[in-house]
Amino acid sequence: MATSLASPITSERLRQEQYRRERSLAAAGVTALTFLALLVHGYHPYTEDGGVYLPEIKRLLDPGLYPHGTEFVVGHLRYSLFAPAMAWLVRESHLSLEIVLLLVHLATFWATLFAAWLLAARCYGSREARGGAVALLAVWMTLPIAGTSLMLMDPYVTARSVSTPCVLLGLVGALKFLLPRFEIEEDTADDRRIGLTLCGSALAAAGAMHPLMGAYGLGLVLLLFTLLSRSWRVRVWGTMGLSLTAVAMAAGMQLSAAAESQTYKRVVMTRDYWFLSQWHWYELIGVIAPMVILSIVALRERREGDAARVGLARMAVVAGVTAIVVALLFARVEMATHLVARMQPLRIFQMVYVIMTLVVGAMLAERVLQRSAMRWVLTFSALAGVMVMAERMTFPASKHLELPGALAEVDAADKENPYERAFAWIGGNTPRDAMFAVDAQYITKPGEDAQSFRAIAERSVLPDFSKDGGVVTNKPELAAEWLRGQVAQAELSTEVDARRLAALRPLGVTWVVLERGAVTAFGCDYANEAVKVCRLP
């Protein structure tokens, strides 16, 4: 009888091969979903917080930029390595900053979705459930998080773009350490060490990019460790201990906080999203609804294969409740100091929303969509259509995809954002040491779309109400200068020239951006349908 020379294929090798196939399929699916997410949510690198981060990166690359009011450009991100990392990537890659930012944007979307798949793979056995979880996250990527002024992911690049996938990978590593791999193969001691290493390194990277979100990520991982402990005492008392520790730390911070100036308090009062009492009713529903959805999963008995799913849900519920308690106790308008409010404890709901999205997506896939291609296409087409409509309502005057090179063409495209065109003209036609004044509320003007003057024009400007107000909350010593800028730029387009000169000259302003209909005798070198750019005599 002939003896086969081929080695028998063991069940272990089959499991390993299955795991590799699943991982390759997931990588391909996530890549497709990444580009879908880009098409659905758009790309706006100069808007909102993207316009806060960009000037610091640009000044690191070119120290001659922003010679006036430099303190509003640098320093407020002093605890983050994000801007230096982006500048390093530009130098080492020899690519333009615009291209690097787009590539980083795509990479962080991909990493977030892949980390979400890894989490879903720990929680769900069926391919449909995993696919539904990640697909819904891709379609809901820019979903607003209640009244926190955050989204799941931004349509531009910030430090949160990097910290978010890092925190998710930290949770993946924690589950790999705490629980056996779901249905594929048993974890070995080496796998557990790899999980712990992944968890630690991912949280360290999150903290380096965004210290606050990294700290909240660490809190979530600690909660997960206690909730998945085999000892009921650790699960009960450890969880209660962590929650009480968070409240005690908030109390200690509040008691030890330095006194705030009246000017700084005026800045704080402009940050409505810090205080639950200032939220609208529908924003409060945005806090309650995820807790209800996740509680349904969290209250289940842990069964074989359910540990990761139930553990993550319980982690999110406990974290959410703790954050709400801290906010209600210490993040209040009437407090003497507002250090805890400044820490924005409700930001932890970013991860609560991610976990909720994965749960809803998996349930939708398993119970409704199943294996019907038509149901999948119709459902996600409708969901994507809603998100595209929301994006168009948020940025109605700007291109859906503001890709590299868009600013070079914007001046000739009369259908695009007139403010963006004006800012681009300023960057190419005014002295680098020019100092500008713009209406302090310009970022909320109809048709402005929250496009950042500094990020686009690359010129110094007096501080604005919205984004520079956010900068001041992290650097209270700038409060007085911020207030001077607000006073000088108030009603800029309705004042007479004499009042404009009296307010702006002492602050070193040499150019001013006025509304198109403003009456002035200043020489205006540029005008479009919304604004005009004028020199001070």
# chains A, B, ... in the order shown; residues from 1 in each chain; ligands from 1
>>> residues_around(residues="A:Arg371", least_positions_apart="5", cutoff="12 Å", atoms="only C-alpha atoms", output="PyMOL selection string")
chain A and resi 126-129+131-132+364-366+376-377
>>> closest_atom_pairs(of="stretch 127-197 of chain A", to="stretch 48-60 of chain A", cutoff="10 Å", atoms="only C-alpha atoms", output="tab-separated table")
residue	atom	partner	partner_atom	distance
A:Asp154	CA	A:Gly50	CA	8.6
A:Pro155	CA	A:Gly50	CA	8.7
A:Tyr156	CA	A:Gly50	CA	5.7
A:Val157	CA	A:Gly50	CA	5.8
A:Thr158	CA	A:Gly50	CA	5.8
A:Ala159	CA	A:Tyr53	CA	8.2
>>> residues_around(residues="A:Leu33", least_positions_apart="2", cutoff="12 Å", atoms="only C-alpha atoms", output="JSON, numbers by chain")
{"A": [26, 27, 28, 29, 30, 31, 35, 36, 37, 38, 39, 40, 41, 106, 109, 110, 111, 112, 113, 114, 117, 131, 132, 133, 134, 135, 136, 137, 138, 139, 140, 141, 380, 384]}
>>> closest_atom_pairs(of="stretch 240-321 of chain A", to="stretch 481-492 of chain A", cutoff="9 Å", atoms="only C-alpha atoms", output="Markdown table")
| residue | atom | partner | partner_atom | distance |
| --- | --- | --- | --- | --- |
| A:Thr263 | CA | A:Leu483 | CA | 7.4 |
| A:Arg266 | CA | A:Leu483 | CA | 8.9 |
| A:Val267 | CA | A:Leu483 | CA | 8.4 |
>>> atom_distance(atom1="atom CA of A:Ala120", atom2="atom CA of A:Leu284")
27.6 Å
>>> atom_distance(atom1="atom CA of A:Gly286", atom2="atom CA of A:Met351")
13.6 Å
>>> residues_around(residues="A:Leu329", least_positions_apart="6", cutoff="10 Å", atoms="only C-alpha atoms", output="list in words")
Val247, Ala250, Ala251, Ala323, Met335 and Val340 of chain A
>>> write_last_selection(atoms="N, CA and C atoms", output="mmCIF file, in the first residue's frame")
data_model
loop_
_atom_site.group_PDB
_atom_site.id
_atom_site.type_symbol
_atom_site.label_atom_id
_atom_site.label_comp_id
_atom_site.auth_asym_id
_atom_site.auth_seq_id
_atom_site.Cartn_x
_atom_site.Cartn_y
_atom_site.Cartn_z
ATOM 1 N N VAL A 247 -15.360 60.228 39.429
ATOM 2 C CA VAL A 247 -16.083 61.325 40.083
ATOM 3 C C VAL A 247 -15.179 62.035 41.075
ATOM 4 N N ALA A 250 -12.696 64.225 39.290
ATOM 5 C CA ALA A 250 -13.349 65.452 38.826
ATOM 6 C C ALA A 250 -13.533 66.430 39.981
ATOM 7 N N ALA A 251 -13.933 65.904 41.152
ATOM 8 C CA ALA A 251 -14.103 66.771 42.324
ATOM 9 C C ALA A 251 -12.774 67.400 42.737
ATOM 10 N N ALA A 323 -19.917 59.584 32.835
ATOM 11 C CA ALA A 323 -19.678 60.889 32.215
ATOM 12 C C ALA A 323 -20.848 61.839 32.458
ATOM 13 N N MET A 335 -20.798 77.245 38.202
ATOM 14 C CA MET A 335 -19.616 76.895 38.996
ATOM 15 C C MET A 335 -18.627 78.055 39.020
ATOM 16 N N VAL A 340 -13.422 71.208 34.934
ATOM 17 C CA VAL A 340 -14.021 69.939 34.530
ATOM 18 C C VAL A 340 -14.825 70.118 33.245
#
>>> closest_residue(among="A:Val438, A:Ala257, A:Leu89, A:Ala502", to="A:Glu515", atoms="only C-alpha atoms")
A:Val438
>>> atom_distance(atom1="atom CA of A:Leu198", atom2="atom CA of A:Ala298")
25.4 Å
>>> select_by_dssp(residues="stretch 372-467 of chain A", states="strand (DSSP E or B)", output="PyMOL selection string")
chain A and resi 401+435-438+451+460-461
>>> closest_residue(among="A:Val292, A:Leu383, A:Leu339, A:Ala434", to="A:Ser256", atoms="only C-alpha atoms")
A:Leu339
>>> closest_residue(among="A:Phe465, A:Trp511, A:Phe177, A:Phe423", to="A:Ser452", atoms="only C-alpha atoms")
A:Phe423
>>> select_by_dssp(residues="stretch 85-196 of chain A", states="helix (DSSP H, G or I)", output="ChimeraX atom specification")
/A:85-93,97-123,127-139,159-178,189-196
>>> closest_residue(among="A:Ile324, A:Leu276, A:Ala259, A:Leu294", to="A:Ser243", atoms="only C-alpha atoms")
A:Ile324
>>> residues_around(residues="stretch 524-528 of chain A", least_positions_apart="4", cutoff="8 Å", atoms="only C-alpha atoms", output="PyMOL selection string")
chain A and resi 418+422+425+516+532-535
>>> residues_around(residues="A:Leu102", least_positions_apart="2", cutoff="10 Å", atoms="only C-alpha atoms", output="CSV table (one decimal) with N, CA and C atoms, in the first residue's frame")
chain,number,residue,atom,x,y,z
A,43,TYR,N,-15.1,65.9,1.8
A,43,TYR,CA,-13.8,66.2,2.4
A,43,TYR,C,-13.6,67.7,2.4
A,44,HIS,N,-13.4,68.3,3.6
A,44,HIS,CA,-13.3,69.7,3.7
A,44,HIS,C,-12.1,70.1,4.7
A,45,PRO,N,-10.9,70.0,4.1
A,45,PRO,CA,-9.7,70.2,5.0
A,45,PRO,C,-9.5,71.5,5.7
A,97,LEU,N,1.6,69.4,1.4
A,97,LEU,CA,0.8,69.2,2.6
A,97,LEU,C,-0.7,68.8,2.3
A,98,GLU,N,-1.2,69.3,1.2
A,98,GLU,CA,-2.6,69.0,0.8
A,98,GLU,C,-2.7,67.5,0.5
A,99,ILE,N,-1.7,66.9,-0.2
A,99,ILE,CA,-1.7,65.5,-0.5
A,99,ILE,C,-1.5,64.6,0.7
A,100,VAL,N,-0.6,65.0,1.6
A,100,VAL,CA,-0.4,64.3,2.8
A,100,VAL,C,-1.6,64.3,3.7
A,104,VAL,N,-3.6,60.9,4.8
A,104,VAL,CA,-3.8,60.6,6.3
A,104,VAL,C,-5.3,60.5,6.5
A,105,HIS,N,-6.1,61.3,5.9
A,105,HIS,CA,-7.6,61.2,6.1
A,105,HIS,C,-8.1,59.8,5.6
A,106,LEU,N,-7.6,59.4,4.5
A,106,LEU,CA,-8.0,58.1,4.0
A,106,LEU,C,-7.5,57.0,4.9
A,107,ALA,N,-6.2,57.1,5.4
A,107,ALA,CA,-5.6,56.1,6.2
A,107,ALA,C,-6.4,56.0,7.5
A,108,THR,N,-6.8,57.1,8.1
A,108,THR,CA,-7.5,57.1,9.4
A,108,THR,C,-8.9,56.5,9.3
A,156,TYR,N,-12.4,66.1,7.8
A,156,TYR,CA,-11.1,66.7,7.7
A,156,TYR,C,-10.2,66.1,8.7
A,157,VAL,N,-8.9,66.5,8.7
A,157,VAL,CA,-7.9,65.8,9.5
A,157,VAL,C,-7.6,66.6,10.7
A,402,GLU,N,-13.2,68.7,-1.5
A,402,GLU,CA,-12.2,69.7,-1.7
A,402,GLU,C,-10.8,69.1,-1.7
A,403,LEU,N,-10.5,68.5,-2.9
A,403,LEU,CA,-9.3,67.7,-3.1
A,403,LEU,C,-8.1,68.6,-3.3
A,404,PRO,N,-6.8,68.1,-3.2
A,404,PRO,CA,-5.6,68.9,-3.5
A,404,PRO,C,-5.7,69.6,-4.8
>>> residues_around(residues="A:Gln344", least_positions_apart="5", cutoff="10 Å", atoms="only C-alpha atoms", output="ChimeraX atom specification")
/A:148,212,273-275,323,326-327,331,339
>>> closest_residue(among="A:Val360, A:Leu255, A:Leu61, A:Ala307", to="A:His94", atoms="only C-alpha atoms")
A:Leu61
